[in-house]
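Chemist: Here you go, coords33.txt (compact mmCIF, N, CA, C and O atoms):
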# COMPACT_ATOMS: atom_id res chain seq x y z
N MET Z 1 20.20 8.96 -30.81
CA MET Z 1 19.59 8.96 -29.50
C MET Z 1 18.10 9.23 -29.63
O MET Z 1 17.68 9.92 -30.56
N TYR Z 2 17.37 8.72 -28.69
CA TYR Z 2 15.93 8.97 -28.68
C TYR Z 2 15.45 9.01 -27.23
O TYR Z 2 16.10 8.50 -26.33
N VAL Z 3 14.30 9.60 -27.03
CA VAL Z 3 13.71 9.71 -25.70
C VAL Z 3 12.77 8.52 -25.51
O VAL Z 3 11.91 8.27 -26.35
N THR Z 4 12.94 7.81 -24.42
CA THR Z 4 12.10 6.65 -24.14
C THR Z 4 10.69 7.09 -23.73
O THR Z 4 10.44 8.27 -23.47
N ARG Z 5 9.80 6.12 -23.65
CA ARG Z 5 8.43 6.40 -23.23
C ARG Z 5 8.42 6.98 -21.82
O ARG Z 5 7.72 7.94 -21.53
N ARG Z 6 9.22 6.41 -20.93
CA ARG Z 6 9.30 6.94 -19.57
C ARG Z 6 9.88 8.35 -19.57
O ARG Z 6 9.43 9.22 -18.84
N GLY Z 7 10.86 8.58 -20.41
CA GLY Z 7 11.44 9.91 -20.51
C GLY Z 7 10.44 10.95 -20.97
O GLY Z 7 10.43 12.07 -20.49
N LYS Z 8 9.55 10.55 -21.88
CA LYS Z 8 8.53 11.47 -22.36
C LYS Z 8 7.55 11.84 -21.26
O LYS Z 8 7.04 12.95 -21.22
N THR Z 9 7.27 10.91 -20.34
CA THR Z 9 6.34 11.22 -19.25
C THR Z 9 6.95 12.21 -18.27
O THR Z 9 6.23 12.87 -17.54
N LEU Z 10 8.27 12.32 -18.26
CA LEU Z 10 8.94 13.24 -17.35
C LEU Z 10 9.10 14.64 -17.94
O LEU Z 10 9.63 15.53 -17.30
N ALA Z 11 8.61 14.82 -19.16
CA ALA Z 11 8.81 16.09 -19.85
C ALA Z 11 8.04 17.24 -19.22
O ALA Z 11 8.43 18.39 -19.36
N ASN Z 12 6.97 16.95 -18.49
CA ASN Z 12 6.23 18.05 -17.86
C ASN Z 12 6.28 17.89 -16.34
O ASN Z 12 6.67 16.85 -15.82
N ARG Z 13 5.89 18.92 -15.64
CA ARG Z 13 5.99 18.94 -14.18
C ARG Z 13 5.14 17.84 -13.54
O ARG Z 13 5.56 17.18 -12.61
N GLN Z 14 3.93 17.63 -14.06
CA GLN Z 14 3.05 16.61 -13.48
C GLN Z 14 3.67 15.22 -13.62
O GLN Z 14 3.66 14.43 -12.68
N GLY Z 15 4.23 14.92 -14.78
CA GLY Z 15 4.88 13.63 -14.98
C GLY Z 15 6.08 13.46 -14.08
O GLY Z 15 6.29 12.38 -13.51
N PHE Z 16 6.85 14.50 -13.93
CA PHE Z 16 8.02 14.43 -13.05
C PHE Z 16 7.60 14.22 -11.60
O PHE Z 16 8.17 13.40 -10.89
N ASN Z 17 6.57 14.96 -11.15
CA ASN Z 17 6.10 14.81 -9.77
C ASN Z 17 5.54 13.41 -9.53
O ASN Z 17 5.76 12.83 -8.46
N SER Z 18 4.84 12.86 -10.50
CA SER Z 18 4.33 11.49 -10.36
C SER Z 18 5.48 10.50 -10.20
O SER Z 18 5.44 9.60 -9.36
N TYR Z 19 6.50 10.67 -11.02
CA TYR Z 19 7.67 9.79 -10.93
C TYR Z 19 8.37 9.94 -9.58
O TYR Z 19 8.73 8.96 -8.94
N ARG Z 20 8.52 11.17 -9.14
CA ARG Z 20 9.19 11.43 -7.86
C ARG Z 20 8.42 10.81 -6.71
O ARG Z 20 9.00 10.18 -5.83
N HIS Z 21 7.09 10.93 -6.72
CA HIS Z 21 6.28 10.34 -5.66
C HIS Z 21 6.35 8.81 -5.69
O HIS Z 21 6.35 8.17 -4.65
N ALA Z 22 6.40 8.24 -6.88
CA ALA Z 22 6.48 6.78 -7.00
C ALA Z 22 7.77 6.25 -6.39
O ALA Z 22 7.78 5.16 -5.81
N THR Z 23 8.84 7.02 -6.47
CA THR Z 23 10.11 6.55 -5.92
C THR Z 23 10.16 6.68 -4.40
O THR Z 23 11.08 6.14 -3.77
N LEU Z 24 9.19 7.35 -3.80
CA LEU Z 24 9.16 7.47 -2.34
C LEU Z 24 8.82 6.13 -1.68
O LEU Z 24 9.16 5.90 -0.52
N LEU Z 25 8.11 5.28 -2.40
CA LEU Z 25 7.69 3.98 -1.87
C LEU Z 25 8.13 2.91 -2.85
O LEU Z 25 7.39 2.53 -3.75
N PRO Z 26 9.37 2.43 -2.69
CA PRO Z 26 9.90 1.44 -3.64
C PRO Z 26 9.08 0.14 -3.63
O PRO Z 26 8.71 -0.36 -2.57
N LYS Z 27 8.81 -0.40 -4.79
CA LYS Z 27 8.02 -1.62 -4.91
C LYS Z 27 8.65 -2.80 -4.17
O LYS Z 27 7.93 -3.62 -3.62
N ASN Z 28 9.96 -2.88 -4.17
CA ASN Z 28 10.63 -4.05 -3.61
C ASN Z 28 10.51 -4.16 -2.09
O ASN Z 28 10.88 -5.18 -1.52
N VAL Z 29 9.99 -3.14 -1.41
CA VAL Z 29 9.83 -3.24 0.05
C VAL Z 29 8.39 -3.59 0.44
O VAL Z 29 8.10 -3.71 1.62
N LEU Z 30 7.53 -3.75 -0.55
CA LEU Z 30 6.12 -4.01 -0.27
C LEU Z 30 5.78 -5.50 -0.34
O LEU Z 30 6.32 -6.23 -1.16
N HIS Z 31 4.86 -5.91 0.51
CA HIS Z 31 4.32 -7.26 0.45
C HIS Z 31 3.58 -7.39 -0.88
O HIS Z 31 2.96 -6.43 -1.35
N PRO Z 32 3.60 -8.56 -1.51
CA PRO Z 32 2.95 -8.71 -2.82
C PRO Z 32 1.47 -8.32 -2.84
O PRO Z 32 1.00 -7.74 -3.83
N VAL Z 33 0.73 -8.59 -1.78
CA VAL Z 33 -0.69 -8.21 -1.74
C VAL Z 33 -0.83 -6.70 -1.73
O VAL Z 33 -1.67 -6.13 -2.43
N ILE Z 34 -0.01 -6.03 -0.93
CA ILE Z 34 -0.05 -4.57 -0.87
C ILE Z 34 0.36 -3.99 -2.22
O ILE Z 34 -0.26 -3.05 -2.71
N LEU Z 35 1.37 -4.56 -2.82
CA LEU Z 35 1.83 -4.09 -4.13
C LEU Z 35 0.70 -4.17 -5.15
O LEU Z 35 0.45 -3.23 -5.90
N GLN Z 36 0.00 -5.28 -5.17
CA GLN Z 36 -1.04 -5.49 -6.17
C GLN Z 36 -2.27 -4.63 -5.91
O GLN Z 36 -2.82 -4.02 -6.81
N LYS Z 37 -2.72 -4.57 -4.65
CA LYS Z 37 -4.00 -3.94 -4.35
C LYS Z 37 -3.90 -2.46 -3.96
O LYS Z 37 -4.88 -1.73 -4.09
N VAL Z 38 -2.76 -2.03 -3.45
CA VAL Z 38 -2.65 -0.68 -2.89
C VAL Z 38 -1.76 0.24 -3.71
O VAL Z 38 -2.06 1.43 -3.83
N TYR Z 39 -0.70 -0.28 -4.27
CA TYR Z 39 0.28 0.56 -4.97
C TYR Z 39 -0.33 1.42 -6.08
O TYR Z 39 0.03 2.58 -6.22
N PRO Z 40 -1.28 0.88 -6.88
CA PRO Z 40 -1.86 1.74 -7.92
C PRO Z 40 -2.53 3.01 -7.36
O PRO Z 40 -2.38 4.08 -7.93
N ALA Z 41 -3.23 2.89 -6.24
CA ALA Z 41 -3.86 4.07 -5.63
C ALA Z 41 -2.79 5.05 -5.17
O ALA Z 41 -2.93 6.27 -5.32
N PHE Z 42 -1.69 4.52 -4.63
CA PHE Z 42 -0.59 5.38 -4.19
C PHE Z 42 0.00 6.15 -5.38
O PHE Z 42 0.23 7.35 -5.30
N LEU Z 43 0.20 5.45 -6.49
CA LEU Z 43 0.77 6.11 -7.67
C LEU Z 43 -0.14 7.20 -8.22
O LEU Z 43 0.33 8.19 -8.77
N ARG Z 44 -1.45 7.01 -8.07
CA ARG Z 44 -2.40 8.02 -8.53
C ARG Z 44 -2.50 9.20 -7.57
O ARG Z 44 -3.21 10.16 -7.83
N GLY Z 45 -1.78 9.12 -6.45
CA GLY Z 45 -1.82 10.20 -5.48
C GLY Z 45 -3.01 10.11 -4.53
O GLY Z 45 -3.29 11.04 -3.79
N GLU Z 46 -3.69 8.98 -4.53
CA GLU Z 46 -4.84 8.76 -3.64
C GLU Z 46 -4.33 8.17 -2.33
O GLU Z 46 -4.58 7.01 -2.00
N TYR Z 47 -3.61 8.97 -1.58
CA TYR Z 47 -2.92 8.48 -0.40
C TYR Z 47 -3.87 8.02 0.69
O TYR Z 47 -3.62 7.00 1.34
N ASP Z 48 -4.96 8.73 0.89
CA ASP Z 48 -5.91 8.31 1.92
C ASP Z 48 -6.52 6.95 1.57
O ASP Z 48 -6.66 6.08 2.43
N THR Z 49 -6.83 6.74 0.31
CA THR Z 49 -7.36 5.45 -0.13
C THR Z 49 -6.32 4.36 0.01
O THR Z 49 -6.62 3.25 0.47
N ALA Z 50 -5.09 4.65 -0.37
CA ALA Z 50 -4.02 3.66 -0.28
C ALA Z 50 -3.78 3.25 1.17
O ALA Z 50 -3.61 2.06 1.46
N ILE Z 51 -3.79 4.21 2.07
CA ILE Z 51 -3.59 3.90 3.49
C ILE Z 51 -4.73 3.04 4.01
O ILE Z 51 -4.51 2.03 4.69
N PHE Z 52 -5.96 3.41 3.68
CA PHE Z 52 -7.11 2.64 4.12
C PHE Z 52 -7.03 1.20 3.59
O PHE Z 52 -7.24 0.24 4.33
N GLN Z 53 -6.72 1.05 2.32
CA GLN Z 53 -6.62 -0.28 1.73
C GLN Z 53 -5.50 -1.10 2.37
O GLN Z 53 -5.67 -2.30 2.60
N ALA Z 54 -4.38 -0.47 2.65
CA ALA Z 54 -3.26 -1.19 3.27
C ALA Z 54 -3.63 -1.68 4.67
O ALA Z 54 -3.35 -2.82 5.03
N PHE Z 55 -4.28 -0.83 5.45
CA PHE Z 55 -4.71 -1.25 6.78
C PHE Z 55 -5.75 -2.36 6.70
O PHE Z 55 -5.74 -3.30 7.50
N ARG Z 56 -6.64 -2.27 5.72
CA ARG Z 56 -7.65 -3.31 5.56
C ARG Z 56 -6.99 -4.65 5.22
O ARG Z 56 -7.34 -5.69 5.79
N GLU Z 57 -6.01 -4.63 4.33
CA GLU Z 57 -5.31 -5.87 3.97
C GLU Z 57 -4.53 -6.42 5.16
O GLU Z 57 -4.48 -7.64 5.36
N ALA Z 58 -3.94 -5.56 5.96
CA ALA Z 58 -3.23 -6.02 7.16
C ALA Z 58 -4.22 -6.65 8.14
O ALA Z 58 -3.93 -7.70 8.73
N GLU Z 59 -5.38 -6.05 8.29
CA GLU Z 59 -6.40 -6.60 9.18
C GLU Z 59 -6.86 -7.97 8.70
O GLU Z 59 -7.00 -8.90 9.50
N VAL Z 60 -7.08 -8.13 7.41
CA VAL Z 60 -7.49 -9.42 6.85
C VAL Z 60 -6.42 -10.47 7.11
O VAL Z 60 -6.72 -11.60 7.53
N ALA Z 61 -5.17 -10.12 6.90
CA ALA Z 61 -4.07 -11.07 7.11
C ALA Z 61 -3.96 -11.49 8.57
O ALA Z 61 -3.77 -12.67 8.88
N VAL Z 62 -4.10 -10.53 9.49
CA VAL Z 62 -4.04 -10.85 10.92
C VAL Z 62 -5.21 -11.74 11.31
O VAL Z 62 -5.06 -12.72 12.04
N ARG Z 63 -6.39 -11.42 10.81
CA ARG Z 63 -7.59 -12.21 11.12
C ARG Z 63 -7.42 -13.65 10.64
O ARG Z 63 -7.72 -14.60 11.36
N GLU Z 64 -6.92 -13.82 9.42
CA GLU Z 64 -6.72 -15.16 8.87
C GLU Z 64 -5.62 -15.92 9.62
O GLU Z 64 -5.78 -17.09 9.94
N ALA Z 65 -4.51 -15.26 9.90
CA ALA Z 65 -3.39 -15.91 10.58
C ALA Z 65 -3.76 -16.34 12.00
O ALA Z 65 -3.31 -17.39 12.47
N GLY Z 66 -4.58 -15.55 12.66
CA GLY Z 66 -4.94 -15.86 14.04
C GLY Z 66 -6.21 -16.66 14.19
O GLY Z 66 -6.59 -17.03 15.29
N GLY Z 67 -6.89 -16.93 13.09
CA GLY Z 67 -8.12 -17.69 13.15
C GLY Z 67 -9.26 -16.92 13.80
O GLY Z 67 -10.15 -17.52 14.41
N TYR Z 68 -9.26 -15.62 13.66
CA TYR Z 68 -10.31 -14.79 14.24
C TYR Z 68 -11.53 -14.76 13.32
O TYR Z 68 -11.43 -15.05 12.13
N SER Z 69 -12.67 -14.37 13.87
CA SER Z 69 -13.90 -14.31 13.07
C SER Z 69 -13.98 -12.99 12.31
O SER Z 69 -13.24 -12.05 12.60
N GLN Z 70 -14.91 -12.93 11.38
CA GLN Z 70 -15.13 -11.71 10.59
C GLN Z 70 -15.61 -10.55 11.46
O GLN Z 70 -15.50 -9.40 11.07
N ASN Z 71 -16.15 -10.88 12.64
CA ASN Z 71 -16.63 -9.84 13.56
C ASN Z 71 -15.49 -9.18 14.34
O ASN Z 71 -15.69 -8.14 14.94
N ASP Z 72 -14.32 -9.81 14.34
CA ASP Z 72 -13.16 -9.24 15.02
C ASP Z 72 -12.50 -8.24 14.07
O ASP Z 72 -12.00 -8.60 13.01
N VAL Z 73 -12.55 -6.96 14.45
CA VAL Z 73 -12.02 -5.92 13.56
C VAL Z 73 -11.29 -4.84 14.36
O VAL Z 73 -11.45 -4.73 15.58
N GLY Z 74 -10.50 -4.05 13.66
CA GLY Z 74 -9.90 -2.84 14.22
C GLY Z 74 -8.99 -3.07 15.41
O GLY Z 74 -8.28 -4.06 15.53
N VAL Z 75 -9.05 -2.10 16.31
CA VAL Z 75 -8.18 -2.09 17.49
C VAL Z 75 -8.39 -3.33 18.36
O VAL Z 75 -7.40 -3.96 18.78
N PRO Z 76 -9.63 -3.75 18.65
CA PRO Z 76 -9.79 -4.96 19.46
C PRO Z 76 -9.12 -6.19 18.83
O PRO Z 76 -8.52 -7.00 19.54
N LEU Z 77 -9.21 -6.32 17.52
CA LEU Z 77 -8.56 -7.45 16.83
C LEU Z 77 -7.05 -7.39 17.03
O LEU Z 77 -6.42 -8.39 17.39
N MET Z 78 -6.46 -6.23 16.79
CA MET Z 78 -5.02 -6.10 16.90
C MET Z 78 -4.54 -6.30 18.34
O MET Z 78 -3.50 -6.92 18.57
N ARG Z 79 -5.30 -5.80 19.30
CA ARG Z 79 -4.92 -6.00 20.70
C ARG Z 79 -4.97 -7.47 21.06
O ARG Z 79 -4.09 -7.98 21.77
N ALA Z 80 -5.98 -8.18 20.59
CA ALA Z 80 -6.08 -9.62 20.87
C ALA Z 80 -4.94 -10.38 20.18
O ALA Z 80 -4.31 -11.25 20.79
N ALA Z 81 -4.66 -10.04 18.93
CA ALA Z 81 -3.64 -10.77 18.17
C ALA Z 81 -2.23 -10.52 18.69
O ALA Z 81 -1.40 -11.44 18.67
N PHE Z 82 -1.97 -9.32 19.15
CA PHE Z 82 -0.61 -8.99 19.57
C PHE Z 82 -0.45 -8.96 21.09
O PHE Z 82 0.56 -8.47 21.59
N ASN Z 83 -1.40 -9.53 21.78
CA ASN Z 83 -1.32 -9.69 23.23
C ASN Z 83 -0.31 -10.81 23.48
O ASN Z 83 -0.61 -11.97 23.21
N VAL Z 84 0.85 -10.49 24.00
CA VAL Z 84 1.95 -11.47 24.12
C VAL Z 84 1.52 -12.73 24.90
O VAL Z 84 1.73 -13.82 24.43
N PRO Z 85 0.90 -12.60 26.06
CA PRO Z 85 0.56 -13.83 26.78
C PRO Z 85 -0.54 -14.64 26.11
O PRO Z 85 -0.56 -15.87 26.22
N GLN Z 86 -1.47 -13.99 25.40
CA GLN Z 86 -2.63 -14.72 24.89
C GLN Z 86 -2.78 -14.68 23.37
O GLN Z 86 -3.63 -15.37 22.83
N GLY Z 87 -2.01 -13.88 22.69
CA GLY Z 87 -2.17 -13.73 21.24
C GLY Z 87 -1.80 -14.99 20.47
O GLY Z 87 -1.26 -15.95 21.02
N HIS Z 88 -2.10 -14.98 19.19
CA HIS Z 88 -1.86 -16.15 18.34
C HIS Z 88 -0.59 -16.01 17.56
O HIS Z 88 -0.15 -15.11 17.10
Show how you would write the structure in this file as structure tokens.
Modeler:
Amino acid sequence: MYVTRRGKTLANRQGFNSYRHATLLPKNVLHPVILQKVYPAFLRGEYDTAIFQAFREAEVAVREAGGYSQNDVGVPLMRAAFNVPQGH
């Protein structure tokens, strides 16, 4: 028997906590863009950065899908896009 590389990372408290936090947000439930651009920050424990990046990526996707301009941002963009009678 031998200890795998992943097993060795779990040998100390910091490694175990990192692994435990990573399992809180399973990769298979994330959109590929979020997985690629945001997940690394989440794994590093940079939660505020990860949240900001995820919201930014969602905003970009909504802007592109709805054909909005680069000047359309934040709450006004989301209200326009998800306005049932007039949204895109």
Chemist: Assign secondary structure with DSSP using the backbone only, and return the residues of chain Z in helix (DSSP H, G or I) as a VMD selection string.
Modeler: chain Z and resid 5 to 9 13 to 22 27 to 29 32 to 37 39 to 43 47 to 66 74 to 81
Chemist: Pick from Z:Asn71, Z:Thr4, Z:Ser18, Z:Asn12: nearest to Phe42 of chain Z, with all atoms listed in the file counted?
Modeler: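 Of the candidates, the smallest distance to Phe42 of chain Z is held by Z:Ser18.
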Chemist: At a cut-off of 9 Å from (-7.6, -2.3, -4.5) in the coordinates of the file, what residues are picked up using only C-alpha atoms, written as a ChimeraX atom specification?
Modeler: /Z:34,36-41,49-50,53-54
Chemist: As an exercise, work out the distance from atom N of Glu46 of chain Z to atom C of Pro32 of chain Z in Å and give it to one decimal place.
Modeler: 18.1 Å
Chemist: Report, in Å to a single decimal, how far apart atom CA of Leu43 of chain Z and atom O of Met1 of chain Z are.
Modeler: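 About the pair atom O of Met1 of chain Z and atom CA of Leu43 of chain Z: they are 28.7 Å apart.
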Chemist: For a test of reading the model, state the distance in Å between atom CA of Ile51 of chain Z and atom O of Leu77 of chain Z, rounded to one decimal.
Modeler: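 Separation of atom CA of Ile51 of chain Z and atom O of Leu77 of chain Z: 18.8 Å.
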Chemist: Please export segment 52-69 of chain Z as a PDB file, in the first residue's frame, restricted to N, CA, C and O atoms.
Modeler:
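Written file, out.pdb:
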ATOM      1  N   PHE Z  52     -17.109  37.939  -7.232  1.00  0.00           N
ATOM      2  CA  PHE Z  52     -17.050  39.063  -8.156  1.00  0.00           C
ATOM      3  C   PHE Z  52     -16.851  38.571  -9.595  1.00  0.00           C
ATOM      4  O   PHE Z  52     -17.540  39.014 -10.516  1.00  0.00           O
ATOM      5  N   GLN Z  53     -15.934  37.646  -9.793  1.00  0.00           N
ATOM      6  CA  GLN Z  53     -15.671  37.119 -11.129  1.00  0.00           C
ATOM      7  C   GLN Z  53     -16.893  36.391 -11.689  1.00  0.00           C
ATOM      8  O   GLN Z  53     -17.198  36.520 -12.882  1.00  0.00           O
ATOM      9  N   ALA Z  54     -17.583  35.637 -10.857  1.00  0.00           N
ATOM     10  CA  ALA Z  54     -18.768  34.909 -11.322  1.00  0.00           C
ATOM     11  C   ALA Z  54     -19.867  35.873 -11.756  1.00  0.00           C
ATOM     12  O   ALA Z  54     -20.490  35.680 -12.803  1.00  0.00           O
ATOM     13  N   PHE Z  55     -20.096  36.913 -10.969  1.00  0.00           N
ATOM     14  CA  PHE Z  55     -21.101  37.902 -11.349  1.00  0.00           C
ATOM     15  C   PHE Z  55     -20.696  38.627 -12.625  1.00  0.00           C
ATOM     16  O   PHE Z  55     -21.539  38.923 -13.482  1.00  0.00           O
ATOM     17  N   ARG Z  56     -19.415  38.916 -12.773  1.00  0.00           N
ATOM     18  CA  ARG Z  56     -18.944  39.586 -13.982  1.00  0.00           C
ATOM     19  C   ARG Z  56     -19.177  38.706 -15.205  1.00  0.00           C
ATOM     20  O   ARG Z  56     -19.652  39.175 -16.245  1.00  0.00           O
ATOM     21  N   GLU Z  57     -18.880  37.420 -15.090  1.00  0.00           N
ATOM     22  CA  GLU Z  57     -19.097  36.501 -16.210  1.00  0.00           C
ATOM     23  C   GLU Z  57     -20.585  36.365 -16.529  1.00  0.00           C
ATOM     24  O   GLU Z  57     -20.966  36.287 -17.702  1.00  0.00           O
ATOM     25  N   ALA Z  58     -21.423  36.357 -15.514  1.00  0.00           N
ATOM     26  CA  ALA Z  58     -22.872  36.299 -15.751  1.00  0.00           C
ATOM     27  C   ALA Z  58     -23.335  37.563 -16.469  1.00  0.00           C
ATOM     28  O   ALA Z  58     -24.147  37.502 -17.401  1.00  0.00           O
ATOM     29  N   GLU Z  59     -22.816  38.702 -16.065  1.00  0.00           N
ATOM     30  CA  GLU Z  59     -23.173  39.966 -16.707  1.00  0.00           C
ATOM     31  C   GLU Z  59     -22.751  39.974 -18.174  1.00  0.00           C
ATOM     32  O   GLU Z  59     -23.513  40.391 -19.048  1.00  0.00           O
ATOM     33  N   VAL Z  60     -21.559  39.494 -18.464  1.00  0.00           N
ATOM     34  CA  VAL Z  60     -21.075  39.425 -19.847  1.00  0.00           C
ATOM     35  C   VAL Z  60     -21.979  38.520 -20.679  1.00  0.00           C
ATOM     36  O   VAL Z  60     -22.364  38.864 -21.800  1.00  0.00           O
ATOM     37  N   ALA Z  61     -22.344  37.378 -20.134  1.00  0.00           N
ATOM     38  CA  ALA Z  61     -23.199  36.434 -20.859  1.00  0.00           C
ATOM     39  C   ALA Z  61     -24.575  37.029 -21.140  1.00  0.00           C
ATOM     40  O   ALA Z  61     -25.113  36.889 -22.247  1.00  0.00           O
ATOM     41  N   VAL Z  62     -25.154  37.715 -20.152  1.00  0.00           N
ATOM     42  CA  VAL Z  62     -26.469  38.342 -20.339  1.00  0.00           C
ATOM     43  C   VAL Z  62     -26.368  39.444 -21.383  1.00  0.00           C
ATOM     44  O   VAL Z  62     -27.226  39.572 -22.265  1.00  0.00           O
ATOM     45  N   ARG Z  63     -25.319  40.242 -21.315  1.00  0.00           N
ATOM     46  CA  ARG Z  63     -25.131  41.336 -22.271  1.00  0.00           C
ATOM     47  C   ARG Z  63     -25.019  40.793 -23.697  1.00  0.00           C
ATOM     48  O   ARG Z  63     -25.640  41.311 -24.618  1.00  0.00           O
ATOM     49  N   GLU Z  64     -24.239  39.737 -23.872  1.00  0.00           N
ATOM     50  CA  GLU Z  64     -24.070  39.143 -25.198  1.00  0.00           C
ATOM     51  C   GLU Z  64     -25.354  38.490 -25.694  1.00  0.00           C
ATOM     52  O   GLU Z  64     -25.741  38.662 -26.849  1.00  0.00           O
ATOM     53  N   ALA Z  65     -26.037  37.753 -24.834  1.00  0.00           N
ATOM     54  CA  ALA Z  65     -27.260  37.053 -25.227  1.00  0.00           C
ATOM     55  C   ALA Z  65     -28.373  38.031 -25.602  1.00  0.00           C
ATOM     56  O   ALA Z  65     -29.161  37.769 -26.515  1.00  0.00           O
ATOM     57  N   GLY Z  66     -28.430  39.157 -24.913  1.00  0.00           N
ATOM     58  CA  GLY Z  66     -29.484  40.124 -25.167  1.00  0.00           C
ATOM     59  C   GLY Z  66     -29.125  41.201 -26.162  1.00  0.00           C
ATOM     60  O   GLY Z  66     -29.949  42.039 -26.506  1.00  0.00           O
ATOM     61  N   GLY Z  67     -27.892  41.205 -26.628  1.00  0.00           N
ATOM     62  CA  GLY Z  67     -27.466  42.205 -27.583  1.00  0.00           C
ATOM     63  C   GLY Z  67     -27.358  43.597 -26.977  1.00  0.00           C
ATOM     64  O   GLY Z  67     -27.547  44.596 -27.670  1.00  0.00           O
ATOM     65  N   TYR Z  68     -27.037  43.670 -25.707  1.00  0.00           N
ATOM     66  CA  TYR Z  68     -26.906  44.955 -25.029  1.00  0.00           C
ATOM     67  C   TYR Z  68     -25.519  45.541 -25.275  1.00  0.00           C
ATOM     68  O   TYR Z  68     -24.585  44.834 -25.640  1.00  0.00           O
ATOM     69  N   SER Z  69     -25.376  46.841 -25.052  1.00  0.00           N
ATOM     70  CA  SER Z  69     -24.085  47.505 -25.263  1.00  0.00           C
ATOM     71  C   SER Z  69     -23.190  47.334 -24.043  1.00  0.00           C
ATOM     72  O   SER Z  69     -23.651  46.944 -22.966  1.00  0.00           O
TER      73      SER Z  69
END
